[in-house]
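Colleague: Next up, entry_2.cif (mmCIF, C-alpha atoms).
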data_input
loop_
_atom_site.label_atom_id
_atom_site.label_comp_id
_atom_site.auth_asym_id
_atom_site.auth_seq_id
_atom_site.Cartn_x
_atom_site.Cartn_y
_atom_site.Cartn_z
CA LYS A 2 61.77 -21.79 42.52
CA ILE A 3 62.13 -22.99 46.09
CA GLU A 4 63.63 -20.28 48.30
CA LYS A 5 65.99 -20.92 51.19
CA GLU A 6 64.01 -20.29 54.32
CA VAL A 7 63.15 -21.78 57.69
CA ILE A 8 63.17 -25.52 58.23
CA ASN A 9 59.85 -27.14 57.28
CA LYS A 10 59.02 -29.95 59.70
CA LYS A 11 55.82 -31.25 58.08
CA ILE A 12 56.25 -31.91 54.36
CA VAL A 13 53.92 -33.47 51.79
CA THR A 14 55.43 -34.53 48.46
CA LEU A 15 53.40 -35.24 45.32
CA THR A 16 56.09 -36.98 43.23
CA SER A 17 58.02 -40.17 43.95
CA LEU A 18 61.36 -38.39 43.38
CA THR A 19 60.74 -35.60 45.89
CA ALA A 20 59.38 -38.15 48.38
CA ASP A 21 62.57 -40.19 48.04
CA ILE A 22 64.87 -37.18 48.34
CA VAL A 23 63.10 -35.75 51.42
CA SER A 24 63.07 -39.20 53.07
CA LYS A 25 66.84 -39.45 52.59
CA LEU A 26 67.40 -35.94 53.94
CA ASN A 27 65.09 -36.05 56.95
CA ASN A 28 62.54 -38.85 56.89
CA SER A 29 60.78 -37.74 60.11
CA TYR A 30 59.65 -34.51 58.39
CA LEU A 31 57.91 -36.35 55.56
CA ILE A 32 54.23 -36.90 56.35
CA GLY A 33 52.49 -37.34 52.96
CA ILE A 34 53.53 -39.08 49.73
CA PRO A 35 52.11 -40.15 46.35
CA GLY A 36 51.03 -43.75 45.87
CA SER A 37 53.12 -45.42 43.16
CA SER A 38 55.02 -48.63 42.49
CA LEU A 39 58.22 -46.86 43.58
CA THR A 40 56.94 -45.45 46.87
CA ARG A 41 55.34 -48.78 47.79
CA LYS A 42 58.70 -50.54 47.36
CA ASN A 43 60.53 -48.04 49.57
CA LYS A 44 60.50 -49.29 53.17
CA GLU A 45 61.31 -45.77 54.42
CA LEU A 46 57.91 -44.62 53.13
CA LEU A 47 55.68 -47.39 54.46
CA ASN A 48 54.23 -45.38 57.37
CA LYS A 49 53.49 -42.22 55.38
CA GLU A 50 50.02 -40.94 54.46
CA ILE A 51 49.22 -41.57 50.77
CA VAL A 52 47.64 -38.46 49.23
CA SER A 53 47.38 -39.55 45.58
CA GLU A 54 47.42 -42.67 43.43
CA GLY A 55 49.12 -43.05 40.03
CA ARG A 56 48.25 -40.27 37.60
CA THR A 57 45.15 -39.15 39.48
CA PRO A 58 45.21 -35.67 41.07
CA PRO A 59 46.13 -35.53 44.77
CA GLN A 60 43.34 -35.40 47.37
CA LEU A 61 43.34 -31.78 48.53
CA GLU A 62 41.13 -32.41 51.58
CA LYS A 63 43.51 -35.08 52.84
CA ILE A 64 46.54 -32.82 52.30
CA ILE A 65 44.87 -29.91 54.12
CA SER A 66 43.93 -32.21 57.04
CA LEU A 67 47.63 -33.07 57.49
CA ASN A 68 48.33 -29.36 58.11
CA PRO A 69 51.69 -29.37 56.31
CA ASP A 70 54.29 -26.59 56.40
CA LEU A 71 55.18 -27.30 52.77
CA VAL A 72 53.76 -29.19 49.78
CA ILE A 73 56.10 -30.01 46.88
CA GLY A 74 54.73 -31.16 43.53
CA SER A 75 55.36 -31.10 39.80
CA ALA A 76 55.25 -27.54 38.44
CA SER A 77 53.36 -28.77 35.37
CA PHE A 78 51.27 -31.76 36.44
CA HIS A 79 50.20 -30.37 39.84
CA LYS A 80 49.89 -26.72 38.84
CA LYS A 81 46.16 -26.40 39.67
CA GLN A 82 46.37 -28.27 42.96
CA LEU A 83 49.40 -26.30 44.15
CA LYS A 84 47.62 -23.04 43.34
CA LYS A 85 44.54 -24.13 45.35
CA LEU A 86 46.67 -25.13 48.33
CA SER A 87 48.46 -21.78 48.22
CA SER A 88 45.09 -20.01 48.20
CA VAL A 89 44.20 -21.59 51.57
CA GLY A 90 47.52 -20.56 53.11
CA ILE A 91 49.56 -23.74 52.62
CA ARG A 92 53.00 -23.09 51.19
CA SER A 93 53.20 -24.95 47.89
CA GLU A 94 56.14 -25.26 45.51
CA GLY A 95 56.30 -26.66 41.98
CA VAL A 96 59.53 -28.24 40.77
CA GLU A 97 60.67 -29.80 37.50
CA VAL A 98 63.67 -32.03 36.74
CA LYS A 99 64.58 -31.94 33.06
CA ASN A 100 68.35 -32.45 33.31
CA TRP A 101 71.16 -33.39 35.67
CA PHE A 102 71.66 -29.82 36.89
CA ASP A 103 67.95 -29.58 37.79
CA LEU A 104 68.34 -32.73 39.89
CA ILE A 105 71.35 -31.47 41.84
CA ASP A 106 69.67 -28.09 42.28
CA LEU A 107 66.54 -29.80 43.67
CA ILE A 108 68.57 -31.92 46.10
CA ASN A 109 70.41 -28.82 47.38
CA LYS A 110 67.21 -26.82 47.79
CA LEU A 111 65.38 -29.61 49.60
CA SER A 112 68.37 -30.08 51.90
CA SER A 113 68.16 -26.40 52.90
CA LEU A 114 64.43 -26.72 53.57
CA THR A 115 64.80 -29.84 55.72
CA GLY A 116 68.12 -29.10 57.38
CA GLY A 117 69.47 -32.28 55.80
CA ASN A 118 72.85 -32.99 54.22
CA SER A 119 72.70 -32.97 50.40
CA SER A 120 75.77 -35.21 50.13
CA SER A 121 73.77 -38.00 51.84
CA VAL A 122 71.61 -38.06 48.69
CA VAL A 123 74.23 -37.24 46.04
CA ASN A 124 76.45 -40.08 47.33
CA HIS A 125 73.72 -42.53 46.26
CA LEU A 126 74.28 -41.43 42.64
CA ASP A 127 77.82 -42.82 42.33
CA ASN A 128 77.05 -44.70 39.08
CA CYS A 129 76.19 -41.38 37.44
CA ASN A 130 79.84 -40.29 37.71
CA LEU A 131 81.20 -43.30 35.80
CA LYS A 132 83.21 -42.64 32.64
CA SER A 133 81.86 -43.83 29.30
CA ASN A 134 83.72 -44.28 26.02
CA LYS A 135 82.75 -41.74 23.40
CA ASN A 136 81.82 -42.89 19.91
CA ASN A 137 79.59 -41.74 17.07
CA ASN A 138 77.31 -44.76 16.92
CA LYS A 139 73.73 -43.53 16.73
CA VAL A 140 71.60 -44.57 19.69
CA LEU A 141 67.83 -44.14 19.68
CA ILE A 142 65.53 -44.24 22.71
CA LEU A 143 61.97 -45.27 21.89
CA ALA A 144 59.64 -44.33 24.73
CA SER A 145 56.39 -45.28 22.99
CA SER A 146 55.35 -47.33 19.96
CA LYS A 147 52.02 -45.60 19.22
CA PRO A 148 52.79 -42.80 18.74
CA LEU A 149 56.48 -43.39 18.07
CA LEU A 150 58.16 -41.08 20.59
CA ALA A 151 61.85 -40.36 21.19
CA PRO A 152 63.58 -37.82 23.46
CA ASN A 153 65.52 -34.82 22.19
CA SER A 154 68.13 -32.87 24.18
CA GLN A 155 65.43 -30.98 26.15
CA SER A 156 64.36 -34.08 28.11
CA TRP A 157 65.68 -35.90 31.18
CA ALA A 158 66.48 -38.95 29.03
CA GLY A 159 68.29 -36.81 26.47
CA SER A 160 70.35 -35.11 29.17
CA LEU A 161 71.46 -38.48 30.58
CA LEU A 162 72.59 -39.68 27.14
CA GLU A 163 74.63 -36.52 26.81
CA ARG A 164 76.15 -37.04 30.25
CA PHE A 165 77.54 -40.38 29.10
CA GLY A 166 78.67 -39.18 25.67
CA ILE A 167 76.03 -41.22 23.86
CA ASN A 168 75.10 -40.03 20.36
CA ASN A 169 71.34 -39.47 20.61
CA SER A 170 69.78 -39.89 17.13
CA THR A 171 66.98 -37.43 17.92
CA LYS A 172 69.04 -34.92 19.91
CA PHE A 173 68.47 -31.98 17.56
CA LEU A 174 64.92 -32.74 16.41
CA GLN A 175 62.32 -30.17 17.46
CA SER A 176 59.46 -31.33 19.66
CA LYS A 177 55.99 -30.84 18.18
CA SER A 178 54.29 -33.45 20.36
CA GLN A 179 52.20 -32.81 23.47
CA PHE A 180 55.05 -34.32 25.50
CA LYS A 181 57.71 -31.63 25.94
CA GLY A 182 61.20 -32.87 25.17
CA TYR A 183 59.89 -35.70 22.98
CA VAL A 184 59.52 -35.89 19.20
CA ASN A 185 57.08 -37.83 17.05
CA LEU A 186 58.90 -40.09 14.60
CA SER A 187 57.56 -41.65 11.41
CA PRO A 188 58.36 -45.24 10.42
CA GLU A 189 60.02 -43.78 7.31
CA TRP A 190 62.35 -41.64 9.44
CA LEU A 191 63.27 -44.66 11.55
CA ILE A 192 64.02 -46.88 8.55
CA SER A 193 66.05 -44.22 6.72
CA ASN A 194 68.09 -43.14 9.77
CA GLN A 195 68.86 -46.67 11.06
CA PRO A 196 70.33 -46.23 14.57
CA GLU A 197 73.13 -48.65 15.53
CA LYS A 198 71.49 -49.29 18.90
CA ILE A 199 67.91 -48.93 20.12
CA ILE A 200 66.84 -48.51 23.72
CA VAL A 201 63.23 -49.56 24.24
CA VAL A 202 61.54 -48.14 27.34
CA LYS A 203 59.47 -50.61 29.35
CA THR A 204 56.29 -48.80 30.36
CA GLY A 205 53.95 -51.73 31.05
CA PRO A 206 53.44 -55.48 30.67
CA ASP A 207 52.76 -55.29 26.92
CA SER A 208 55.08 -52.43 25.97
CA ILE A 209 57.92 -54.54 24.58
CA GLN A 210 55.55 -56.65 22.48
CA SER A 211 54.00 -53.47 21.04
CA PHE A 212 57.36 -52.67 19.40
CA ILE A 213 57.94 -56.23 18.19
CA ASP A 214 54.50 -56.16 16.53
CA LEU A 215 55.31 -53.05 14.46
CA PRO A 216 55.36 -54.12 10.77
CA TYR A 217 58.70 -52.40 10.10
CA TRP A 218 60.46 -53.53 13.31
CA SER A 219 62.29 -56.43 11.66
CA LYS A 220 63.66 -54.04 8.98
CA LEU A 221 65.75 -52.15 11.51
CA ASN A 222 69.46 -53.00 11.54
CA ALA A 223 69.67 -52.75 15.33
CA VAL A 224 66.93 -55.38 15.59
CA LYS A 225 68.57 -57.66 12.99
CA GLU A 226 71.91 -57.42 14.85
CA ASN A 227 70.35 -57.87 18.29
CA ASN A 228 71.40 -54.39 19.40
CA VAL A 229 68.18 -53.62 21.27
CA ILE A 230 68.37 -52.78 24.97
CA TYR A 231 65.31 -52.77 27.23
CA MET A 232 65.29 -50.25 30.08
CA ASP A 233 62.83 -49.23 32.78
CA TYR A 234 60.65 -46.14 32.46
CA TYR A 235 61.70 -44.97 35.93
CA GLY A 236 65.20 -43.57 35.88
CA LEU A 237 65.31 -42.99 32.13
CA VAL A 238 62.08 -41.19 31.16
CA ASN A 239 60.80 -40.26 34.62
CA PRO A 240 63.64 -39.84 37.17
CA GLY A 241 61.41 -41.65 39.68
CA SER A 242 63.83 -42.12 42.56
CA ILE A 243 67.51 -41.78 43.41
CA ASP A 244 67.94 -45.57 43.16
CA SER A 245 66.24 -45.82 39.74
CA ILE A 246 68.43 -42.98 38.42
CA ASN A 247 71.57 -44.69 39.73
CA LYS A 248 70.60 -48.02 38.10
CA THR A 249 69.90 -46.24 34.81
CA CYS A 250 73.29 -44.53 34.94
CA LEU A 251 75.04 -47.89 35.36
CA THR A 252 73.34 -49.28 32.23
CA LEU A 253 74.07 -46.14 30.18
CA SER A 254 77.73 -46.12 31.23
CA LYS A 255 78.13 -49.46 29.39
CA ILE A 256 76.32 -48.52 26.15
CA ASN A 257 79.46 -47.35 24.32
CA ASN A 258 81.81 -49.95 25.85
#
For this file, write the structure as structure tokens.

Modeller:
Amino acid sequence: KIEKEVINKKIVTLTSLTADIVSKLNNSYLIGIPGSSLTRKNKELLNKEIVSEGRTPPQLEKIISLNPDLVIGSASFHKKQLKKLSSVGIRSEGVEVKNWFDLIDLINKLSSLTGGNSSSVVNHLDNCNLKSNKNNNKVLILASSKPLLAPNSQSWAGSLLERFGINNSTKFLQSKSQFKGYVNLSPEWLISNQPEKIIVVKTGPDSIQSFIDLPYWSKLNAVKENNVIYMDYYGLVNPGSIDSINKTCLTLSKINN
């Protein structure tokens, strides 16, 4: 947990979401960021030092050379690196965003650390307050084709579906996969449960085709009735940035309409 303390004027962030939030709160305090497709598109982050790239671990020597007051990373993915930075006297905090309340909590805590105004960030999430019609149509998010992965209620994606009153087909299934909050599905389960709508997560250039190529894909009612929606990985599976979350919320608000 991040504690409310003195203002930190030199901050390094190791996730695209924390980089985006800190830049919106007090961009002059942000000195180091992760390299990703999201941070490269953000003009507010163009002059920041890149301390990591993609899924590779951050460069500790580069972070230490920046002499930061605070380093913020993923509590799970950056656990080892944060521990090493703490051991050399650099304040390091691990955070995790698994639901909407985690997100708001993170924004509030980062605003207290930077002296920024949390409403300046929350106001960018206006689409996430839209009303959605409630119905019992089963909606399934497929995040991966091999293995077949879908989010339960313990994931960020699952929490967003709940926020918009969307009936998540895998909400109550227990996760036994290596990806917390996600369940492994069998083709038999998919065919027998037949969701009314399927959301396919776009994770790369060939990800959509990988679902189309599944031998049982054409047997699904949602596919036959053209009720398949394609959504970006950022915003839905990985929060990514405030803008990607807001875009995802807009799409989800229309699912039941």

Colleague: Please measure the separation of atom CA of Leu83 of chain A and atom CA of Thr40 of chain A, giving the value in Å to one decimal.

Modeller: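 Calculated distance between atom CA of Leu83 of chain A and atom CA of Thr40 of chain A is 20.8 Å.
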
Colleague: Draw an axis-aligned box tight on the listed atoms of segment 82-87 of chain A, then pad every side by 5 Å and write out centre and edge lengths in Å to one decimal as JSON.

Modeller:
{"center_x": 47.0, "center_y": -25.0, "center_z": 45.6, "size_x": 14.9, "size_y": 16.5, "size_z": 15.4}

Colleague: Given all atoms listed in the file as the basis, pick out the residue of A:Leu111, A:Val201, A:Ile243, A:Leu47 nearest to Val224 of chain A.

Modeller: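 The shortest atom-to-atom distance to Val224 of chain A comes from A:Val201.
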
Colleague: Can you pull out every residue within 8 Å of segment 162-178 of chain A, counting all atoms listed in the file, but drop anything in the same chain fewer than 2 positions away, and send it as a ChimeraX atom specification?

Modeller: /A:132-142,151-154,158-160,180-185,196,253-254,256-257

Colleague: Determine, using all atoms listed in the file, which residues of segment 81-109 of chain A have any atom at most 10 Å from an atom of segment 58-61 of chain A, and tabulate each with its shortest atom pair and distance in Å to one decimal place, rows ordered by chain and then rising number, as JSON lines.

Modeller:
{"residue": "A:Lys81", "atom": "CA", "partner": "A:Pro58", "partner_atom": "CA", "distance": 9.4}
{"residue": "A:Gln82", "atom": "CA", "partner": "A:Leu61", "partner_atom": "CA", "distance": 7.2}
{"residue": "A:Leu83", "atom": "CA", "partner": "A:Leu61", "partner_atom": "CA", "distance": 9.3}
{"residue": "A:Lys85", "atom": "CA", "partner": "A:Leu61", "partner_atom": "CA", "distance": 8.4}
{"residue": "A:Leu86", "atom": "CA", "partner": "A:Leu61", "partner_atom": "CA", "distance": 7.4}

Colleague: Distance atom CA of Ser77 of chain A-atom CA of Thr16 of chain A, one decimal place?

Modeller: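 Between atom CA of Ser77 of chain A and atom CA of Thr16 of chain A the gap works out to 11.7 Å.
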
Colleague: Which residue gives the smallest distance to Asn124 of chain A among A:Lys110, A:Ile213, A:Val238, A:Ile105, with all atoms listed in the file counted?

Modeller: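 Closest to Asn124 of chain A, using all atoms listed in the file: A:Ile105.
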